[in-house]
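Below is structure_2.txt, holding compact mmCIF, C-alpha atoms and all ligand atoms.
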# COMPACT_ATOMS: atom_id res chain seq x y z
CA MET E 1 79.48 65.59 84.43
CA ASN E 2 80.21 65.41 80.73
CA LEU E 3 81.84 68.81 80.10
CA TYR E 4 83.12 70.10 76.75
CA LYS E 5 84.15 73.54 75.57
CA CYS E 6 82.98 75.38 72.43
CA PHE E 7 83.22 79.14 72.85
CA LEU E 8 80.75 81.11 70.73
CA THR E 9 83.45 83.40 69.39
CA LYS E 10 81.26 84.97 66.68
CA ASN E 11 78.60 86.07 69.18
CA ASN E 12 78.76 89.81 70.02
CA CYS E 13 78.69 88.98 73.73
CA TYR E 14 81.95 87.06 73.36
CA LYS E 15 83.38 89.85 71.24
CA ALA E 16 82.45 92.46 73.89
CA CYS E 17 84.78 90.52 76.21
CA GLN E 18 83.79 92.12 79.52
CA THR E 19 84.80 90.30 82.69
CA ILE E 20 82.88 89.69 85.92
CA VAL E 21 83.69 88.23 89.33
CA PRO E 22 81.06 85.47 89.56
CA LYS E 23 78.90 85.88 92.67
CA GLY E 24 76.20 83.43 91.73
CA ILE E 25 74.74 81.07 89.16
CA MET E 26 71.51 81.52 87.20
CA VAL E 27 69.76 78.44 85.84
CA HIS E 28 67.77 78.89 82.63
CA SER E 29 65.90 76.64 80.26
CA THR E 30 65.43 77.40 76.61
CA GLY E 31 61.65 77.61 76.32
CA ALA E 32 61.64 75.66 73.05
CA ASN E 33 61.04 71.99 72.34
CA ASN E 34 64.49 71.07 71.05
CA PRO E 35 66.82 69.10 73.34
CA ASN E 36 69.71 69.02 70.84
CA LEU E 37 72.81 71.03 71.66
CA ARG E 38 73.48 71.61 67.96
CA ARG E 39 70.40 73.84 67.90
CA TYR E 40 72.38 76.36 69.97
CA VAL E 41 76.06 75.41 69.92
CA GLY E 42 78.46 75.22 66.98
CA PRO E 43 80.52 74.58 65.03
CA ASP E 44 80.28 70.79 64.97
CA ASP E 45 83.16 69.15 66.80
CA GLY E 46 82.21 65.67 65.66
CA LEU E 47 80.01 65.11 68.73
CA LEU E 48 77.43 67.88 68.41
CA GLY E 49 76.33 67.20 64.86
CA PRO E 50 75.89 69.96 62.24
CA ALA E 51 74.93 73.26 63.87
CA SER E 52 71.47 74.65 63.24
CA SER E 53 71.38 77.75 61.03
CA SER E 54 69.95 79.65 64.02
CA ASN E 55 72.67 78.56 66.47
CA TRP E 56 74.07 81.14 68.90
CA ASN E 57 77.53 81.33 67.38
CA THR E 58 76.37 84.23 65.24
CA ALA E 59 76.52 87.99 65.53
CA LYS E 60 73.93 90.73 65.38
CA PRO E 61 72.62 92.06 63.06
CA GLY E 62 70.90 89.02 61.69
CA GLY E 63 72.22 86.78 64.43
CA ILE E 64 71.80 86.17 68.14
CA SER E 65 72.06 89.01 70.66
CA VAL E 66 72.13 86.91 73.83
CA CYS E 67 74.66 84.46 75.23
CA VAL E 68 75.05 82.11 78.17
CA HIS E 69 78.11 80.43 79.69
CA ALA E 70 76.93 76.90 78.99
CA PHE E 71 74.22 74.69 77.54
CA ILE E 72 73.10 71.28 78.75
CA GLY E 73 71.41 69.01 76.23
CA LYS E 74 71.81 66.13 73.79
CA LEU E 75 74.78 65.28 71.62
CA ALA E 76 74.20 63.82 68.17
CA ASP E 77 74.33 60.29 69.66
CA GLY E 78 71.58 61.17 72.14
CA SER E 79 73.80 61.25 75.24
CA ILE E 80 73.74 64.24 77.60
CA ALA E 81 76.57 66.77 77.79
CA THR E 82 77.41 70.25 79.03
CA TYR E 83 79.02 72.65 76.57
CA GLN E 84 80.80 75.67 78.01
CA THR E 85 80.17 78.47 75.52
CA LEU E 86 81.80 81.48 77.26
CA PRO E 87 84.69 81.74 79.74
CA TRP E 88 83.03 81.55 83.18
CA ASP E 89 84.25 85.02 84.15
CA MET E 90 83.13 86.70 80.96
CA ARG E 91 80.00 88.85 81.27
CA GLY E 92 77.09 86.95 79.71
CA TRP E 93 73.86 88.33 78.22
CA HIS E 94 71.33 85.96 79.72
CA ALA E 95 69.43 87.62 82.53
CA GLY E 96 67.96 90.73 80.94
CA GLY E 97 68.96 92.55 84.12
CA SER E 98 71.80 93.32 86.50
CA ALA E 99 72.45 89.62 87.18
CA ASN E 100 74.51 89.70 83.97
CA ASN E 101 77.14 91.55 86.03
CA THR E 102 77.28 88.95 88.77
CA HIS E 103 75.93 85.58 87.63
CA ILE E 104 77.18 82.74 85.50
CA GLY E 105 74.20 81.68 83.38
CA PHE E 106 73.49 78.38 81.70
CA GLU E 107 70.61 77.02 79.66
CA ILE E 108 69.11 73.56 79.91
CA CYS E 109 67.72 72.62 76.50
CA GLU E 110 64.04 71.77 76.93
CA ASP E 111 62.27 68.85 75.38
CA GLY E 112 58.47 68.95 75.37
CA LEU E 113 58.73 69.16 79.22
CA LYS E 114 57.14 65.70 79.56
CA GLY E 115 60.09 63.31 79.23
CA ILE E 116 61.01 62.08 82.71
CA ASP E 117 64.19 60.23 81.61
CA TYR E 118 65.51 63.27 79.79
CA PHE E 119 64.59 65.52 82.72
CA LYS E 120 66.39 63.32 85.25
CA LYS E 121 69.55 63.28 83.15
CA VAL E 122 69.73 67.02 82.48
CA TYR E 123 68.74 67.82 86.08
CA ASP E 124 71.61 65.70 87.42
CA GLU E 125 73.98 67.24 84.87
CA ALA E 126 72.90 70.73 86.00
CA VAL E 127 73.45 69.82 89.66
CA GLU E 128 76.95 68.57 88.85
CA LEU E 129 77.75 71.67 86.82
CA CYS E 130 76.70 73.87 89.75
CA VAL E 131 78.83 71.83 92.17
CA TYR E 132 81.79 72.26 89.82
CA LEU E 133 81.22 76.04 89.57
CA CYS E 134 80.62 76.46 93.31
CA LYS E 135 83.98 74.84 93.99
CA GLN E 136 85.76 76.90 91.36
CA PHE E 137 84.36 80.26 92.50
CA SER E 138 83.91 79.61 96.24
CA LEU E 139 80.12 79.78 95.97
CA THR E 140 77.50 77.76 97.84
CA GLU E 141 74.09 76.39 96.91
CA LYS E 142 72.59 79.59 98.34
CA ASP E 143 74.15 81.53 95.46
CA ILE E 144 72.13 79.59 92.87
CA ILE E 145 68.86 80.97 91.48
CA CYS E 146 66.79 80.36 88.39
CA HIS E 147 65.70 83.06 85.95
CA SER E 148 62.21 83.45 87.47
CA GLU E 149 63.70 83.81 90.97
CA GLY E 150 66.02 86.47 89.54
CA ALA E 151 62.97 88.31 88.20
CA LYS E 152 61.40 88.29 91.69
CA LEU E 153 64.64 89.71 93.09
CA GLY E 154 64.57 92.47 90.47
CA ILE E 155 67.84 91.42 88.84
CA ALA E 156 66.45 89.62 85.79
CA SER E 157 63.73 90.02 83.18
CA ASN E 158 60.28 88.55 83.66
CA HIS E 159 60.73 84.94 82.46
CA SER E 160 59.27 81.83 84.02
CA ASP E 161 62.18 79.41 83.55
CA VAL E 162 62.84 76.98 85.12
CA MET E 163 59.77 76.92 87.37
CA HIS E 164 57.41 76.19 84.45
CA TRP E 165 59.30 72.87 84.05
CA PHE E 166 60.90 71.50 87.23
CA PRO E 167 57.61 71.11 89.18
CA LYS E 168 56.20 68.90 86.40
CA HIS E 169 58.74 66.31 87.60
CA GLY E 170 58.47 66.88 91.34
CA LYS E 171 61.41 69.28 91.60
CA ASN E 172 61.85 72.99 92.28
CA MET E 173 64.79 75.28 92.96
CA ASP E 174 64.83 74.44 96.68
CA TYR E 175 65.25 70.75 95.84
CA PHE E 176 67.88 71.71 93.29
CA ARG E 177 69.89 73.73 95.84
CA GLU E 178 69.54 70.89 98.35
CA ASP E 179 70.93 68.41 95.79
CA VAL E 180 73.89 70.72 95.08
CA LYS E 181 74.51 71.09 98.81
CA LYS E 182 74.56 67.30 99.31
CA LEU E 183 77.29 66.88 96.68
CA LEU E 184 79.29 69.83 98.04
CA ILE E 185 79.31 68.21 101.50
CA VAL E 186 80.39 64.84 100.05
CA GLY E 187 83.18 66.63 98.18
CA GLU E 188 84.39 68.31 101.36
CA ALA E 189 84.80 64.95 103.08
CA HIS E 190 87.49 64.07 100.56
CA PHE E 191 90.00 66.67 101.66
CA GLY E 192 91.35 68.31 104.78
CA ILE E 193 92.25 71.97 105.23
CA TYR E 194 95.79 73.12 105.98
CA THR E 195 96.78 76.70 106.80
CA VAL E 196 100.10 77.75 105.31
CA VAL E 197 102.77 78.95 107.78
CA LYS E 198 105.92 80.96 107.12
CA GLY E 199 108.62 78.95 105.37
CA ASP E 200 106.16 76.45 103.83
CA SER E 201 106.39 75.32 100.24
CA LEU E 202 103.97 73.07 98.37
CA TRP E 203 106.67 70.40 98.29
CA LYS E 204 107.21 70.62 102.05
CA ILE E 205 103.48 70.40 102.76
CA ALA E 206 103.11 67.38 100.43
CA ALA E 207 106.10 65.71 102.10
CA ALA E 208 104.61 66.26 105.57
CA ARG E 209 100.93 65.64 104.87
CA LEU E 210 101.04 63.14 102.00
CA ARG E 211 104.42 61.54 102.84
CA ASN E 212 105.68 62.37 99.35
CA GLY E 213 106.91 65.80 98.23
CA ALA E 214 106.31 64.95 94.57
CA ARG E 215 102.57 64.83 95.30
CA TYR E 216 102.63 68.64 95.59
CA SER E 217 101.05 68.69 92.11
CA GLU E 218 97.89 67.08 93.57
CA ILE E 219 97.60 69.93 96.10
CA LYS E 220 98.12 72.41 93.29
CA ALA E 221 95.40 70.83 91.16
CA LEU E 222 92.91 70.47 94.02
CA ASN E 223 93.25 74.15 94.87
CA GLY E 224 93.31 75.36 91.28
CA LEU E 225 96.71 77.00 91.77
CA THR E 226 98.46 78.23 88.65
CA SER E 227 101.81 78.89 90.33
CA ASP E 228 103.86 77.34 93.16
CA ILE E 229 103.74 80.51 95.24
CA ILE E 230 101.79 80.23 98.52
CA GLN E 231 101.35 82.78 101.30
CA PRO E 232 101.30 82.34 105.11
CA GLY E 233 97.69 82.22 106.30
CA GLN E 234 96.45 80.79 102.99
CA LYS E 235 94.09 77.83 103.45
CA LEU E 236 94.82 74.84 101.23
CA LYS E 237 92.74 71.76 100.62
CA ILE E 238 94.82 68.63 101.14
CA PRO E 239 93.76 65.30 99.56
CA LYS E 240 92.84 62.55 102.00
ZN ZN U 301 66.02 82.35 81.15
This entry written out as structure tokens:
Amino acid sequence: MNLYKCFLTKNNCYKACQTIVPKGIMVHSTGANNPNLRRYVGPDDGLLGPASSSNWNTAKPGGISVCVHAFIGKLADGSIATYQTLPWDMRGWHAGGSANNTHIGFEICEDGLKGIDYFKKVYDEAVELCVYLCKQFSLTEKDIICHSEGAKLGIASNHSDVMHWFPKHGKNMDYFREDVKKLLIVGEAHFGIYTVVKGDSLWKIAAARLRNGARYSEIKALNGLTSDIIQPGQKLKIPK
């Protein structure tokens, strides 16, 4: 995954600054033939290229009234990237329904829907982004839906994305979830689980399990810990 950050701080959704506890992920596609990230994301960081005048880093009135957590599309040099545009736990305005309160939403920039090379690249990027988010928020592939599936569930507005696009290239959301699941399983094979007991410290666990106390920072990073405090009963992933 080729992940960058460019928060859309001028968008009213960002300014509203409401938080959510992510319970799922909603996959969108833009519905317009323009695969360039600079159409939606700005300002230019030297990779995006000059932002379009109708980019989403603008406020209502006169600007954009919706916002997603990320876009996947083309950089100025034509390569594929993901741009995170809101903090993942900030409430987005992407679903047109109650899924805004529960789901991280991202847009895949559409081309004319016919390019198979472009589709393969952005599809793989979207799978990797979902794997990354599933790990970060303890979600599984079952927690991933697209906008049109959200509409059927009554938690999103009546849009057809991404099912007007994926089937043109032999994919659908079931394949997508299956591809996320495969990578999640591979990821799990790379670490073991250790349950913290009384008297443990990260250093002690690293010394016992990794034969080097100084490697405690690897355990910290793998588990996304921001402090050294651990509690008995807590389950930690340990690198293999
Ligand atoms: Zn959508």
Which residues are near ligand ZN 301 (chain U) in this structure, taking near to mean any atom at most 7 Å from a ligand atom and counting only C-alpha atoms and all ligand atoms? Format them as a list of chain:residue names.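 My answer, listing the contacting residues, is E:His28, E:Ser29, E:Thr30, E:His94, E:Ala95, E:His147, E:His159, E:Asp161.
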Can I get the selection written as a JSON list (two decimals), keeping the file's coordinate frame, with C-alpha atoms?
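And here's result-v3.json as it stands now:
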[["chain", "number", "residue", "atom", "x", "y", "z"],
["E", 28, "HIS", "CA", 67.77, 78.89, 82.63],
["E", 29, "SER", "CA", 65.90, 76.64, 80.26],
["E", 30, "THR", "CA", 65.43, 77.40, 76.61],
["E", 94, "HIS", "CA", 71.33, 85.96, 79.72],
["E", 95, "ALA", "CA", 69.43, 87.62, 82.53],
["E", 147, "HIS", "CA", 65.70, 83.06, 85.95],
["E", 159, "HIS", "CA", 60.73, 84.94, 82.46],
["E", 161, "ASP", "CA", 62.18, 79.41, 83.55]]
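You will find atom CA of Thr85 of chain E at 10.0 Å from atom CA of Asn11 of chain E.
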Give me, as an mmCIF file with C-alpha atoms, keeping the file's coordinate frame, all polymer residues having an atom no more than 10 Å from Lys220 of chain E, counting all atoms listed in the file and skipping those fewer than 4 positions away in the same chain.
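Final output, saved to around-v1.cif:
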data_model
loop_
_atom_site.group_PDB
_atom_site.id
_atom_site.type_symbol
_atom_site.label_atom_id
_atom_site.label_comp_id
_atom_site.auth_asym_id
_atom_site.auth_seq_id
_atom_site.Cartn_x
_atom_site.Cartn_y
_atom_site.Cartn_z
ATOM 1 C CA LEU E 202 103.970 73.070 98.370
ATOM 2 C CA ARG E 215 102.570 64.830 95.300
ATOM 3 C CA TYR E 216 102.630 68.640 95.590
ATOM 4 C CA GLY E 224 93.310 75.360 91.280
ATOM 5 C CA LEU E 225 96.710 77.000 91.770
ATOM 6 C CA THR E 226 98.460 78.230 88.650
ATOM 7 C CA SER E 227 101.810 78.890 90.330
ATOM 8 C CA ASP E 228 103.860 77.340 93.160
ATOM 9 C CA LEU E 236 94.820 74.840 101.230
ATOM 10 C CA LYS E 237 92.740 71.760 100.620
ATOM 11 C CA ILE E 238 94.820 68.630 101.140
#
Hey, could you make a per-residue contact list for segment 154-174 of chain E against segment 121-141 of chain E with 10 Å as the cut-off, showing the nearest pair of atoms and its distance in Å to one decimal, counting all atoms listed in the file, sorted by chain and number, as a Markdown table?
| residue | atom | partner | partner_atom | distance |
| --- | --- | --- | --- | --- |
| E:Phe166 | CA | E:Tyr123 | CA | 8.7 |
| E:Lys171 | CA | E:Tyr123 | CA | 9.3 |
| E:Asp174 | CA | E:Glu141 | CA | 9.5 |
Discussion item. Under the rule that only C-alpha atoms are counted, which of E:Lys5, E:His69, E:His169, E:Lys198 is the nearest residue to Asp44 of chain E?
Written reply: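 With only C-alpha atoms as the atom set, the closest residue is E:Lys5.
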Selection: 6 Å around Pro35 of chain E, all atoms listed in the file, excl. self and same-chain fewer than 2 positions, as a list in words: Gly73, Lys74, Cys109, Glu110 and Asp111 of chain E
Note to self: What's the separation between atom CA of Cys67 of chain E and atom CA of Ser54 of chain E, in Å to one decimal place?
What the structure shows: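 Separation of atom CA of Cys67 of chain E and atom CA of Ser54 of chain E: 13.1 Å.
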Work out how far apart atom CA of Ser98 of chain E and atom CA of Ile155 of chain E are and give it in Å to one decimal.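 The value is 5.0 Å.
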Q.
I want to know what sits within 8 Å of Gly112 of chain E, based on all atoms listed in the file, with residues of the same chain fewer than 3 positions away left out; could you give that as JSON, numbers by chain?
A. {"E": [32, 33, 34, 115]}
Original post:
Which neighbours of Lys142 of chain E fall inside 12 Å, counting only C-alpha atoms, when residues of the same chain fewer than 5 positions from it are skipped, and could you give them as a ChimeraX atom specification?
Top reply: /E:23-26,130-131,134,173-181,184
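Proximity to Gly233 of chain E was assessed for E:Ala208, E:Val196, E:Ala221, E:Ser79 counting all atoms listed in the file; the smallest distance is recorded for E:Val196.
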Show me, as a ChimeraX atom specification, the residues that have an atom within 8 Å of Val27 of chain E when counting all atoms listed in the file, minus same-chain residues fewer than 4 positions from it. /E:105-108,144-147,161-162
Rank E:Ile230, E:Gly150, E:Ile185, E:Leu222 by their smallest atom-to-atom distance to Trp203 of chain E, using all atoms listed in the file, and report the top residue only.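 Checking each candidate against Trp203 of chain E, we get E:Ile230 as the closest.
Minimum distance to Glu149 of chain E across E:Ala81, E:Ile104, E:Leu86, E:Ala99 (counting all atoms listed in the file) occurs at E:Ala99.
Distance check against Gly97 of chain E using all atoms listed in the file: of E:Lys120, E:Lys235, E:Lys15, E:Lys152, the minimum falls on E:Lys152.
Taking only C-alpha atoms into account, Ile205 of chain E lies nearest to E:Ile219 out of the set E:Ile20, E:Ile64, E:Ile219, E:Ala151.
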Listed atoms of segment 69-82 of chain E, axis-aligned box, 5 Å per side: centre and edge lengths to one decimal in Å, as lines of an AutoDock Vina configuration file?
center_x = 74.8
center_y = 70.4
center_z = 73.9
size_x = 16.7
size_y = 30.1
size_z = 21.5
